$ cat work05.txt   # compact mmCIF, C-alpha atoms
# COMPACT_ATOMS: atom_id res chain seq x y z
CA MET A 1 2.81 -35.26 59.48
CA PRO A 2 4.49 -36.84 56.45
CA ASN A 3 7.87 -38.47 56.43
CA PRO A 4 10.65 -35.91 55.92
CA THR A 5 11.90 -37.68 52.80
CA ARG A 6 8.61 -37.17 50.96
CA GLN A 7 6.10 -34.43 50.45
CA LEU A 8 3.08 -36.55 49.69
CA GLY A 9 -0.56 -35.86 49.14
CA ALA A 10 -3.17 -35.55 51.87
CA ASN A 11 -3.93 -39.11 52.82
CA PRO A 12 -4.52 -41.17 55.99
CA ALA A 13 -0.88 -42.17 55.75
CA HIS A 14 0.19 -38.61 56.49
CA ILE A 15 -0.48 -38.97 60.18
CA CYS A 16 1.72 -42.05 60.41
CA ALA A 17 5.05 -40.39 60.99
CA THR A 18 8.37 -40.72 62.68
CA ILE A 19 10.61 -37.86 63.66
CA LYS A 20 14.01 -38.56 62.21
CA THR A 21 16.94 -38.23 64.57
CA ARG A 22 19.73 -35.90 63.49
CA ILE A 23 22.65 -35.91 65.90
CA ASN A 24 26.40 -35.84 65.66
CA LEU A 25 27.78 -37.08 68.94
CA ARG A 26 30.36 -39.66 69.90
CA TRP A 27 28.66 -42.28 72.02
CA HIS A 28 30.44 -44.37 74.61
CA ARG A 29 30.55 -48.03 73.65
CA ALA A 30 28.47 -48.93 76.69
CA CYS A 31 25.77 -46.50 75.61
CA PRO A 32 23.81 -47.63 72.56
CA PRO A 33 23.05 -44.98 69.95
CA PRO A 34 19.57 -43.49 69.73
CA PRO A 35 17.04 -45.03 67.36
CA PRO A 36 16.90 -43.73 63.77
CA GLY A 37 13.63 -42.01 64.55
CA PHE A 38 10.99 -41.39 67.21
CA VAL A 39 7.26 -41.98 66.93
CA GLU A 40 4.86 -39.25 68.01
CA PRO A 41 4.28 -40.22 71.68
CA ASN A 42 0.49 -40.48 71.67
CA PRO A 43 -0.53 -44.13 72.21
CA ALA A 44 -4.26 -43.35 72.30
CA PHE A 45 -4.03 -41.77 68.87
CA TRP A 46 -2.13 -44.69 67.39
CA ARG A 47 -4.55 -47.20 68.89
CA GLU A 48 -7.49 -45.39 67.28
CA TYR A 49 -5.58 -44.89 64.05
CA VAL A 50 -4.97 -48.62 63.68
CA ARG A 51 -8.68 -49.23 64.27
CA LEU A 52 -9.55 -46.55 61.69
CA VAL A 53 -7.34 -48.11 59.02
CA GLU A 54 -8.67 -51.61 59.65
CA ARG A 55 -12.28 -50.41 59.71
CA THR A 56 -11.74 -48.49 56.47
CA ILE A 57 -10.35 -51.62 54.81
CA THR A 58 -13.45 -53.56 55.88
CA LEU A 59 -15.82 -50.91 54.51
CA LEU A 60 -13.94 -50.54 51.23
CA ASP A 61 -13.88 -54.29 50.75
CA ALA A 62 -17.63 -54.52 51.38
CA GLU A 63 -18.21 -51.95 48.63
CA THR A 64 -15.94 -53.89 46.20
CA VAL A 65 -13.60 -50.91 45.99
CA PHE A 66 -10.64 -53.27 45.82
CA GLU A 67 -11.66 -54.67 42.47
CA PRO A 68 -8.96 -53.94 39.85
CA SER A 69 -9.25 -50.48 38.31
CA VAL A 70 -8.11 -49.12 34.98
CA ILE A 71 -6.58 -46.08 36.70
CA ALA A 72 -4.45 -48.26 38.97
CA PHE A 73 -3.26 -50.38 36.06
CA VAL A 74 -2.38 -47.32 33.98
CA GLN A 75 -0.35 -45.95 36.90
CA TYR A 76 1.35 -49.32 37.27
CA LEU A 77 2.37 -49.41 33.60
CA ARG A 78 3.80 -45.90 33.72
CA ALA A 79 5.60 -46.51 37.00
CA THR A 80 7.22 -49.65 35.56
CA ALA A 81 8.34 -47.74 32.46
CA ASP A 82 9.75 -44.96 34.64
CA GLU A 83 11.62 -47.47 36.79
CA ILE A 84 13.27 -49.10 33.77
CA GLU A 85 14.30 -45.67 32.50
CA THR A 86 15.72 -44.44 35.81
CA SER A 87 17.51 -47.73 36.57
CA GLY A 88 20.04 -46.99 33.84
CA PHE A 89 19.13 -49.63 31.26
CA THR A 90 18.87 -47.11 28.41
CA GLN A 91 21.93 -45.01 29.15
CA ASP A 92 24.60 -44.98 26.45
CA ASP A 93 27.14 -46.55 28.80
CA ALA A 94 24.79 -49.26 30.16
CA ARG A 95 26.43 -52.68 30.12
CA LEU A 96 25.18 -56.22 30.62
CA ASP A 97 26.66 -56.12 34.13
CA ILE A 98 23.54 -54.22 35.18
CA LEU A 99 21.68 -57.54 35.01
CA LYS A 100 23.79 -58.96 37.84
CA SER A 101 21.37 -57.18 40.15
CA HIS A 102 18.45 -59.45 41.05
CA LYS A 103 16.29 -56.35 41.39
CA ASN A 104 17.04 -55.30 37.81
CA GLU A 105 16.39 -58.80 36.49
CA ALA A 106 13.05 -58.88 38.30
CA LEU A 107 12.16 -55.48 36.86
CA LEU A 108 12.59 -56.66 33.27
CA ARG A 109 10.66 -59.85 33.96
CA LYS A 110 7.83 -57.74 35.37
CA ALA A 111 7.84 -55.64 32.20
CA SER A 112 7.62 -58.78 30.07
CA GLN A 113 4.58 -59.93 32.03
CA LEU A 114 2.87 -56.62 31.32
CA MET A 115 3.34 -57.10 27.58
CA TRP A 116 2.31 -60.75 27.27
CA MET A 117 -1.17 -59.85 25.96
CA ASP A 118 0.33 -58.12 22.88
CA LYS A 119 0.41 -60.88 20.25
CA GLU A 120 2.40 -58.86 17.70
CA LEU A 121 5.38 -60.99 16.66
CA GLN A 122 8.10 -58.45 17.46
CA THR A 123 6.55 -57.79 20.86
CA GLN A 124 6.51 -61.51 21.66
CA LYS A 125 10.21 -61.68 20.77
CA LEU A 126 10.78 -58.75 23.11
CA VAL A 127 8.81 -60.51 25.85
CA ASP A 128 11.01 -63.59 25.45
CA ALA A 129 14.18 -61.49 25.68
CA LEU A 130 13.02 -59.63 28.79
CA SER A 131 11.68 -62.67 30.63
CA GLY A 132 15.18 -64.22 30.80
CA PRO A 133 16.45 -61.69 30.59
CA ALA A 134 18.76 -62.76 27.75
CA PHE A 135 20.74 -60.36 25.57
CA ALA A 136 23.79 -61.01 23.40
CA THR A 137 25.17 -57.48 23.61
CA SER A 138 24.79 -54.32 25.66
CA GLU A 139 23.39 -52.51 22.64
CA GLU A 140 20.72 -55.19 22.25
CA MET A 141 19.75 -54.72 25.90
CA ARG A 142 19.56 -50.94 25.59
CA THR A 143 17.44 -51.15 22.44
CA ALA A 144 15.08 -53.71 23.98
CA CYS A 145 14.59 -51.63 27.12
CA LYS A 146 13.87 -48.47 25.12
CA HIS A 147 11.28 -50.43 23.13
CA ALA A 148 9.74 -51.81 26.33
CA ILE A 149 9.46 -48.33 27.85
CA ALA A 150 7.75 -47.00 24.73
CA LEU A 151 5.32 -49.93 24.61
CA LEU A 152 4.35 -49.69 28.28
CA ARG A 153 3.63 -45.98 27.93
CA THR A 154 1.65 -46.60 24.74
CA TYR A 155 -0.45 -49.24 26.52
CA ALA A 156 -1.11 -46.79 29.36
CA ASP A 157 -2.21 -44.05 26.95
CA LYS A 158 -4.53 -46.41 25.06
CA MET A 159 -6.09 -47.75 28.26
CA GLU A 160 -6.63 -44.21 29.48
CA ARG A 161 -8.51 -43.43 26.26
CA GLY A 162 -10.55 -46.62 26.47
CA GLU A 163 -8.92 -48.09 23.36
CA MET A 164 -7.45 -51.05 25.21
CA LYS A 165 -8.58 -53.17 28.14
CA PRO A 166 -6.20 -53.92 31.02
CA GLN A 167 -5.02 -57.48 31.43
CA TYR A 168 -4.63 -58.00 35.17
CA LYS A 169 -1.75 -60.39 35.62
CA ASP A 170 0.84 -60.43 38.38
CA THR A 171 0.44 -56.78 39.34
CA THR A 172 1.61 -56.17 42.88
CA ASP A 173 0.35 -52.68 43.60
CA SER A 174 -3.35 -53.42 44.02
CA LEU A 175 -5.30 -50.99 46.17
CA SER A 176 -6.02 -53.70 48.74
CA GLU A 177 -2.31 -54.51 49.10
CA ARG A 178 -1.50 -50.85 49.53
CA TRP A 179 -4.09 -50.47 52.30
CA ASN A 180 -2.81 -53.67 53.93
CA THR A 181 0.70 -52.23 53.79
CA LEU A 182 -0.58 -49.17 55.66
CA ALA A 183 -2.38 -51.36 58.23
CA ILE A 184 0.71 -53.47 58.90
CA LEU A 185 2.92 -50.39 59.17
CA SER A 186 0.48 -48.75 61.61
CA ARG A 187 0.52 -51.79 63.90
CA GLN A 188 4.31 -51.94 63.72
CA ILE A 189 4.59 -48.24 64.61
CA GLU A 190 2.22 -48.77 67.55
CA THR A 191 4.49 -51.56 68.85
CA ILE A 192 7.61 -49.45 68.39
CA LEU A 193 5.97 -46.59 70.30
CA ALA A 194 5.18 -48.90 73.22
CA LYS A 195 8.88 -49.79 73.43
CA GLN A 196 9.88 -46.15 73.01
CA LEU A 197 7.73 -45.06 75.96
CA SER A 198 8.99 -47.96 78.10
CA ASP A 199 12.64 -47.27 77.20
CA ILE A 200 13.04 -50.72 75.66
CA GLU A 201 15.59 -51.21 72.88
CA ILE A 202 13.96 -51.82 69.52
CA THR A 203 15.08 -54.71 67.32
CA ASN A 204 17.12 -54.39 64.15
CA SER A 205 14.03 -55.12 62.08
CA GLU A 206 12.17 -52.33 63.89
CA ARG A 207 15.06 -49.96 63.20
CA SER A 208 14.70 -50.87 59.53
CA ILE A 209 10.98 -50.08 59.69
CA LEU A 210 11.80 -46.56 60.90
CA ILE A 211 14.55 -46.09 58.31
CA GLU A 212 12.36 -47.30 55.43
CA TYR A 213 9.24 -45.57 56.72
CA GLY A 214 9.10 -42.96 53.97
CA TYR A 215 9.42 -45.52 51.19
CA THR A 216 6.78 -47.75 52.77
CA VAL A 217 4.29 -44.89 53.01
CA ALA A 218 5.11 -43.82 49.45
CA ASN A 219 4.34 -47.34 48.26
CA ALA A 220 1.07 -47.39 50.18
CA MET A 221 0.12 -44.14 48.47
CA GLY A 222 0.83 -45.51 45.01
CA TYR A 223 4.25 -44.00 44.42
CA LEU A 224 6.09 -46.94 42.92
CA ALA A 225 9.87 -47.02 42.80
CA ALA A 226 11.28 -43.88 41.16
CA ALA A 227 7.83 -42.31 40.95
CA GLY A 228 8.20 -41.42 44.62
CA ASP A 229 11.00 -39.01 43.74
CA ASN A 230 8.57 -36.89 41.73
CA PRO A 231 5.46 -36.61 43.92
CA ARG A 232 2.33 -34.89 42.72
CA ASP A 233 1.52 -31.55 44.31
CA ASN A 234 -1.69 -32.85 45.89
CA ALA A 235 -1.16 -32.19 49.59
CA PRO A 236 -3.52 -29.15 49.73
CA ARG A 237 -7.03 -30.39 50.67
CA TRP A 238 -10.14 -28.58 51.91
CA ALA A 239 -13.19 -29.81 53.88
CA GLU A 240 -16.23 -28.29 55.56
CA VAL A 241 -16.50 -29.44 59.17
CA ALA A 242 -19.26 -27.23 60.61
CA HIS A 243 -22.11 -24.96 59.47
CA ASP A 244 -23.98 -22.17 61.27
CA PRO A 245 -27.41 -21.78 59.60
CA ASN A 246 -28.12 -18.58 61.58
CA VAL A 247 -25.52 -16.64 59.65
CA ASP A 248 -25.08 -19.11 56.80
CA GLU A 249 -21.39 -19.52 57.46
CA SER A 250 -19.27 -22.64 57.41
CA LEU A 251 -16.05 -23.59 59.11
CA GLY A 252 -13.63 -24.84 56.52
CA VAL A 253 -10.41 -26.57 57.49
CA ALA A 254 -7.62 -27.32 55.08
CA THR A 255 -4.12 -28.62 54.71
CA GLY A 256 -1.37 -26.98 52.75
CA ARG A 257 2.05 -28.23 51.78
CA ALA A 258 4.58 -29.79 54.12
CA ARG A 259 6.72 -27.65 56.41
CA ALA A 260 9.94 -28.58 58.14
CA LEU A 261 9.50 -29.70 61.75
CA PHE A 262 12.15 -29.47 64.47
CA VAL A 263 11.67 -31.15 67.83
CA LEU A 264 13.84 -31.52 70.92
CA TYR A 265 12.98 -35.04 72.02
CA PRO A 266 13.98 -36.23 75.53
CA TRP A 267 16.04 -39.40 75.43
CA ARG A 268 17.88 -40.87 78.42
CA GLY A 269 18.72 -37.57 80.05
CA ARG A 270 19.49 -35.79 76.81
CA GLU A 271 17.47 -33.72 74.39
CA LEU A 272 17.98 -34.84 70.80
CA LEU A 273 17.34 -32.42 67.96
CA CYS A 274 15.09 -34.26 65.53
CA THR A 275 13.81 -33.22 62.13
CA GLY A 276 10.62 -34.20 60.41
CA ALA A 277 7.80 -32.64 58.48
CA VAL A 278 4.22 -31.61 59.14
CA LEU A 279 1.39 -30.49 56.89
CA SER A 280 0.50 -26.83 57.23
CA TYR A 281 -3.01 -26.25 58.61
CA TYR A 282 -5.65 -23.58 57.94
CA GLU A 283 -9.17 -22.83 59.10
CA GLU A 284 -11.66 -20.02 58.53
CA TRP A 285 -15.31 -19.13 58.98
CA ALA A 286 -16.71 -17.84 55.72
CA PRO A 287 -19.99 -17.63 53.80
CA THR A 288 -21.00 -21.11 52.78
CA LYS A 289 -19.14 -22.15 49.68
CA ARG A 290 -17.70 -25.60 49.56
CA LEU A 291 -14.35 -25.46 47.83
CA THR A 292 -12.95 -28.20 45.69
CA ASP A 293 -9.36 -29.20 46.38
CA ALA A 294 -8.35 -27.51 43.12
CA GLU A 295 -10.08 -24.25 44.17
CA TRP A 296 -8.41 -24.38 47.57
CA LYS A 297 -5.01 -24.95 46.01
CA GLU A 298 -5.57 -21.96 43.74
CA LYS A 299 -6.57 -19.83 46.75
CA LEU A 300 -3.59 -21.07 48.74
CA ASP A 301 -1.25 -19.88 46.01
CA SER A 302 -2.97 -16.50 45.66
CA PRO A 303 -2.49 -13.24 47.62
CA ASP A 304 -5.81 -14.06 49.36
CA ALA A 305 -4.45 -17.14 51.10
CA PRO A 306 -5.59 -17.20 54.75
CA PRO A 307 -2.92 -17.08 57.45
CA PRO A 308 -2.42 -20.05 59.79
CA PRO A 309 -4.58 -19.98 62.95
CA ASP A 310 -3.37 -17.67 65.72
CA TRP A 311 -2.95 -20.58 68.12
CA LEU A 312 -0.20 -21.97 65.87
CA ALA A 313 1.83 -18.75 66.02
CA PRO A 314 4.00 -19.74 69.04
CA ILE A 315 5.45 -22.74 67.21
CA LEU A 316 5.70 -21.40 63.66
CA ALA A 317 8.90 -19.90 62.32
CA LYS A 318 8.54 -16.90 60.06
$ encode --input "work05.txt" --output "structure tokens"
Amino acid sequence: MPNPTRQLGANPAHICATIKTRINLRWHRACPPPPPGFVEPNPAFWREYVRLVERTITLLDAETVFEPSVIAFVQYLRATADEIETSGFTQDDARLDILKSHKNEALLRKASQLMWMDKELQTQKLVDALSGPAFATSEEMRTACKHAIALLRTYADKMERGEMKPQYKDTTDSLSERWNTLAILSRQIETILAKQLSDIEITNSERSILIEYGYTVANAMGYLAAAGDNPRDNAPRWAEVAHDPNVDESLGVATGRARALFVLYPWRGRELLCTGAVLSYYEEWAPTKRLTDAEWKEKLDSPDAPPPPDWLAPILAK
């Protein structure tokens, strides 16, 4: 069940979810407002999920999966370029005041670090300007940022074609860090659920965890900054879970795209209408043919798409 602010791809993070509270009531001062979201009330699931994430990290680490990858670095370059572009640096009305934001300053310094390996003289001058950052005029800043965006995307294209080797320096989106982000979030959600079930007020930091949940999961899944606003359509996934050799049929289960979820959650004598999202689910027995995710997605979008299971009918809206 993904966060309602994101329709993300099928991933272990999808089952880490909160149900966002949507209510418009005037609360008495003596009665604290409800939390910004509720966790699915299944402590056994969350306990096992935390163990699954931690065990997966151990196995991936043992197989050296967390070694830097070209694909990850290419994504990092493009995400950084996208973030500079969407932060307003290149707009015609962009002014030097934009650099008063520490976040924006840090973004340009990060870009300069990604270009340090380019020894071309003009690029080194650009690196010096961005690392400050130091610009005499707004036009100089806009021109430099446009140049930086173009260079970062050029580097990404060349690395993708094998024409350039990545220089791993100060990148913060490594696969191991993303998995650790998911592990930390899972443990935090488990703690919040324990308080939720015991009717204990959560702390301000825990409220922030629920509010920022979607962004945290997006980061764990590799959607950096503005890239999370344009997610890939990769939620549909297919897998074979059982096979009957007597009739040579297999049970395939699959996920589709996210659907809106509405839940009446009991809270201190009231029922709060909450909204969230959940991945659509499909299953069918069919002659053995293992589908790729791309084939399943094509089938899902065709007139031959299977209907959801009958047992889901009572809770599905037409």
$ atom_distance --input "work05.txt" --atom1 "CA of Arg290 in chain A" --atom2 "CA of Asn246 in chain A"
17.4 Å
$ closest_residue --input "work05.txt" --among "A:Phe89, A:Phe262, A:Trp285, A:Trp267" --to "Glu249 in chain A" --atoms "only C-alpha atoms"
A:Trp285
$ closest_residue --input "work05.txt" --among "A:Ile315, A:Ala239, A:Ile184, A:Val127" --to "Tyr213 in chain A" --atoms "only C-alpha atoms"
A:Ile184
$ closest_residue --input "work05.txt" --among "A:Glu105, A:Leu312, A:Asp93, A:Ile71" --to "Glu139 in chain A" --atoms "all atoms listed in the file"
A:Asp93
$ residues_around --input "work05.txt" --residues "Ser205 in chain A" --least-positions-apart "4" --cutoff "12 Å" --atoms "only C-alpha atoms" --output "list in words"
Pro35, Pro36, Gln188, Ile189, Ile192, Glu201, Ile209, Leu210, Ile211, Glu212 and Tyr213 of chain A
$ residues_around --input "work05.txt" --residues "Lys110 in chain A" --least-positions-apart "5" --cutoff "12 Å" --atoms "only C-alpha atoms" --output "list in words"
Tyr76, Leu77, Ala79, Thr80, Ala81, Glu83, Ile84, Lys103, Asn104, Glu105, Met115, Trp116, Val127, Asp128, Leu130, Ser131, Gly132, Pro133, Ala148, Leu152, Lys169, Asp170, Thr171 and Thr172 of chain A
$ closest_residue --input "work05.txt" --among "A:Gly214, A:Pro308, A:Arg268, A:Ala129" --to "Ala254 in chain A" --atoms "only C-alpha atoms"
A:Pro308
$ closest_residue --input "work05.txt" --among "A:Leu151, A:Val39, A:Val253, A:Met159" --to "Asp118 in chain A" --atoms "all atoms listed in the file"
A:Leu151
$ atom_distance --input "work05.txt" --atom1 "CA of Ser176 in chain A" --atom2 "CA of Met221 in chain A"
11.4 Å
$ residues_near_point --input "work05.txt" --point "(-20.7, -21.8, 55.7)" --cutoff "6 Å" --atoms "only C-alpha atoms" --output "PyMOL selection string"
chain A and resi 243+248-250+286-288
$ atom_distance --input "work05.txt" --atom1 "CA of Leu279 in chain A" --atom2 "CA of Arg259 in chain A"
6.1 Å
$ closest_residue --input "work05.txt" --among "A:Ala106, A:Val53, A:Val70, A:Val241" --to "Ser174 in chain A" --atoms "all atoms listed in the file"
A:Val70
$ residues_near_point --input "work05.txt" --point "(-6.3, -19.4, 52.5)" --cutoff "10 Å" --atoms "all atoms listed in the file" --output "tab-separated table (two decimals) with C-alpha atoms, in the frame of the given file"
chain	number	residue	atom	x	y	z
A	238	TRP	CA	-10.14	-28.58	51.91
A	252	GLY	CA	-13.63	-24.84	56.52
A	253	VAL	CA	-10.41	-26.57	57.49
A	254	ALA	CA	-7.62	-27.32	55.08
A	255	THR	CA	-4.12	-28.62	54.71
A	256	GLY	CA	-1.37	-26.98	52.75
A	281	TYR	CA	-3.01	-26.25	58.61
A	282	TYR	CA	-5.65	-23.58	57.94
A	283	GLU	CA	-9.17	-22.83	59.10
A	284	GLU	CA	-11.66	-20.02	58.53
A	296	TRP	CA	-8.41	-24.38	47.57
A	297	LYS	CA	-5.01	-24.95	46.01
A	298	GLU	CA	-5.57	-21.96	43.74
A	299	LYS	CA	-6.57	-19.83	46.75
A	300	LEU	CA	-3.59	-21.07	48.74
A	301	ASP	CA	-1.25	-19.88	46.01
A	302	SER	CA	-2.97	-16.50	45.66
A	303	PRO	CA	-2.49	-13.24	47.62
A	304	ASP	CA	-5.81	-14.06	49.36
A	305	ALA	CA	-4.45	-17.14	51.10
A	306	PRO	CA	-5.59	-17.20	54.75
A	307	PRO	CA	-2.92	-17.08	57.45
A	308	PRO	CA	-2.42	-20.05	59.79
$ axis_aligned_box --input "work05.txt" --around "range 245-254 of chain A" --padding-each-side "4 Å" --output "JSON"
{"center_x": -17.9, "center_y": -22.0, "center_z": 58.3, "size_x": 28.5, "size_y": 18.7, "size_z": 14.5}
$ decode --input "work05.txt" --residues "range 168-253 of chain A" --atoms "C-alpha atoms" --output "PDB file, in the first residue's frame"
ATOM      1  CA  TYR A 168      32.336   8.218  -7.118  1.00  0.00           C
ATOM      2  CA  LYS A 169      32.750  11.200  -4.860  1.00  0.00           C
ATOM      3  CA  ASP A 170      30.362  12.482  -2.205  1.00  0.00           C
ATOM      4  CA  THR A 171      27.260  10.852  -3.666  1.00  0.00           C
ATOM      5  CA  THR A 172      24.597  10.405  -1.023  1.00  0.00           C
ATOM      6  CA  ASP A 173      22.093   8.142  -2.728  1.00  0.00           C
ATOM      7  CA  SER A 174      24.010   4.868  -2.593  1.00  0.00           C
ATOM      8  CA  LEU A 175      21.921   1.717  -2.659  1.00  0.00           C
ATOM      9  CA  SER A 176      23.066   0.772   0.842  1.00  0.00           C
ATOM     10  CA  GLU A 177      21.969   4.140   2.239  1.00  0.00           C
ATOM     11  CA  ARG A 178      18.597   3.792   0.564  1.00  0.00           C
ATOM     12  CA  TRP A 179      18.059   0.344   2.091  1.00  0.00           C
ATOM     13  CA  ASN A 180      19.194   1.659   5.475  1.00  0.00           C
ATOM     14  CA  THR A 181      16.686   4.483   5.122  1.00  0.00           C
ATOM     15  CA  LEU A 182      13.970   1.877   4.582  1.00  0.00           C
ATOM     16  CA  ALA A 183      15.169  -0.158   7.587  1.00  0.00           C
ATOM     17  CA  ILE A 184      15.180   2.871   9.890  1.00  0.00           C
ATOM     18  CA  LEU A 185      11.753   3.968   8.673  1.00  0.00           C
ATOM     19  CA  SER A 186      10.336   0.466   9.213  1.00  0.00           C
ATOM     20  CA  ARG A 187      11.550   0.382  12.819  1.00  0.00           C
ATOM     21  CA  GLN A 188      10.165   3.874  13.412  1.00  0.00           C
ATOM     22  CA  ILE A 189       6.778   2.872  11.990  1.00  0.00           C
ATOM     23  CA  GLU A 190       6.760  -0.222  14.219  1.00  0.00           C
ATOM     24  CA  THR A 191       7.332   1.998  17.278  1.00  0.00           C
ATOM     25  CA  ILE A 192       4.615   4.431  16.204  1.00  0.00           C
ATOM     26  CA  LEU A 193       2.184   1.539  15.753  1.00  0.00           C
ATOM     27  CA  ALA A 194       2.880   0.298  19.286  1.00  0.00           C
ATOM     28  CA  LYS A 195       1.915   3.739  20.610  1.00  0.00           C
ATOM     29  CA  GLN A 196      -1.098   3.884  18.309  1.00  0.00           C
ATOM     30  CA  LEU A 197      -2.462   0.581  19.627  1.00  0.00           C
ATOM     31  CA  SER A 198      -1.783   1.611  23.239  1.00  0.00           C
ATOM     32  CA  ASP A 199      -3.415   5.038  22.748  1.00  0.00           C
ATOM     33  CA  ILE A 200      -0.183   6.835  23.630  1.00  0.00           C
ATOM     34  CA  GLU A 201       0.467  10.278  22.156  1.00  0.00           C
ATOM     35  CA  ILE A 202       3.237  10.250  19.581  1.00  0.00           C
ATOM     36  CA  THR A 203       6.053  12.801  19.743  1.00  0.00           C
ATOM     37  CA  ASN A 204       6.479  15.737  17.398  1.00  0.00           C
ATOM     38  CA  SER A 205       9.336  13.946  15.661  1.00  0.00           C
ATOM     39  CA  GLU A 206       7.092  10.915  15.131  1.00  0.00           C
ATOM     40  CA  ARG A 207       4.399  13.162  13.684  1.00  0.00           C
ATOM     41  CA  SER A 208       7.015  14.462  11.260  1.00  0.00           C
ATOM     42  CA  ILE A 209       7.877  10.886  10.283  1.00  0.00           C
ATOM     43  CA  LEU A 210       4.246  10.288   9.303  1.00  0.00           C
ATOM     44  CA  ILE A 211       3.984  13.599   7.455  1.00  0.00           C
ATOM     45  CA  GLU A 212       7.223  13.035   5.522  1.00  0.00           C
ATOM     46  CA  TYR A 213       6.574   9.339   4.989  1.00  0.00           C
ATOM     47  CA  GLY A 214       5.952   9.602   1.254  1.00  0.00           C
ATOM     48  CA  TYR A 215       9.123  11.574   0.618  1.00  0.00           C
ATOM     49  CA  THR A 216      11.189   9.178   2.723  1.00  0.00           C
ATOM     50  CA  VAL A 217       9.911   6.160   0.806  1.00  0.00           C
ATOM     51  CA  ALA A 218      10.459   7.975  -2.497  1.00  0.00           C
ATOM     52  CA  ASN A 219      14.068   8.614  -1.504  1.00  0.00           C
ATOM     53  CA  ALA A 220      14.549   4.978  -0.514  1.00  0.00           C
ATOM     54  CA  MET A 221      13.266   3.972  -3.943  1.00  0.00           C
ATOM     55  CA  GLY A 222      15.689   6.260  -5.752  1.00  0.00           C
ATOM     56  CA  TYR A 223      13.382   9.154  -6.521  1.00  0.00           C
ATOM     57  CA  LEU A 224      15.600  12.091  -5.657  1.00  0.00           C
ATOM     58  CA  ALA A 225      14.135  15.530  -5.051  1.00  0.00           C
ATOM     59  CA  ALA A 226      11.920  16.625  -7.957  1.00  0.00           C
ATOM     60  CA  ALA A 227      12.257  13.239  -9.642  1.00  0.00           C
ATOM     61  CA  GLY A 228       9.649  11.958  -7.199  1.00  0.00           C
ATOM     62  CA  ASP A 229       7.047  14.198  -8.829  1.00  0.00           C
ATOM     63  CA  ASN A 230       7.400  12.265 -12.084  1.00  0.00           C
ATOM     64  CA  PRO A 231       7.434   8.591 -11.052  1.00  0.00           C
ATOM     65  CA  ARG A 232       7.995   5.823 -13.546  1.00  0.00           C
ATOM     66  CA  ASP A 233       4.995   3.665 -14.396  1.00  0.00           C
ATOM     67  CA  ASN A 234       6.586   0.536 -12.932  1.00  0.00           C
ATOM     68  CA  ALA A 235       4.076  -0.559 -10.308  1.00  0.00           C
ATOM     69  CA  PRO A 236       2.656  -3.466 -12.391  1.00  0.00           C
ATOM     70  CA  ARG A 237       4.622  -6.643 -11.517  1.00  0.00           C
ATOM     71  CA  TRP A 238       3.936 -10.344 -12.135  1.00  0.00           C
ATOM     72  CA  ALA A 239       5.209 -13.500 -10.388  1.00  0.00           C
ATOM     73  CA  GLU A 240       4.505 -17.223 -10.475  1.00  0.00           C
ATOM     74  CA  VAL A 241       3.762 -18.547  -6.985  1.00  0.00           C
ATOM     75  CA  ALA A 242       2.521 -22.104  -7.628  1.00  0.00           C
ATOM     76  CA  HIS A 243       2.519 -24.773 -10.350  1.00  0.00           C
ATOM     77  CA  ASP A 244       0.288 -27.811 -10.891  1.00  0.00           C
ATOM     78  CA  PRO A 245       2.225 -30.339 -13.031  1.00  0.00           C
ATOM     79  CA  ASN A 246      -0.890 -32.515 -13.463  1.00  0.00           C
ATOM     80  CA  VAL A 247      -2.544 -29.953 -15.690  1.00  0.00           C
ATOM     81  CA  ASP A 248       0.545 -27.865 -16.409  1.00  0.00           C
ATOM     82  CA  GLU A 249      -0.997 -24.717 -15.016  1.00  0.00           C
ATOM     83  CA  SER A 250       0.539 -22.040 -12.856  1.00  0.00           C
ATOM     84  CA  LEU A 251      -0.901 -19.573 -10.397  1.00  0.00           C
ATOM     85  CA  GLY A 252       0.296 -16.122 -11.298  1.00  0.00           C
ATOM     86  CA  VAL A 253      -0.185 -13.191  -8.961  1.00  0.00           C
TER      87      VAL A 253
END
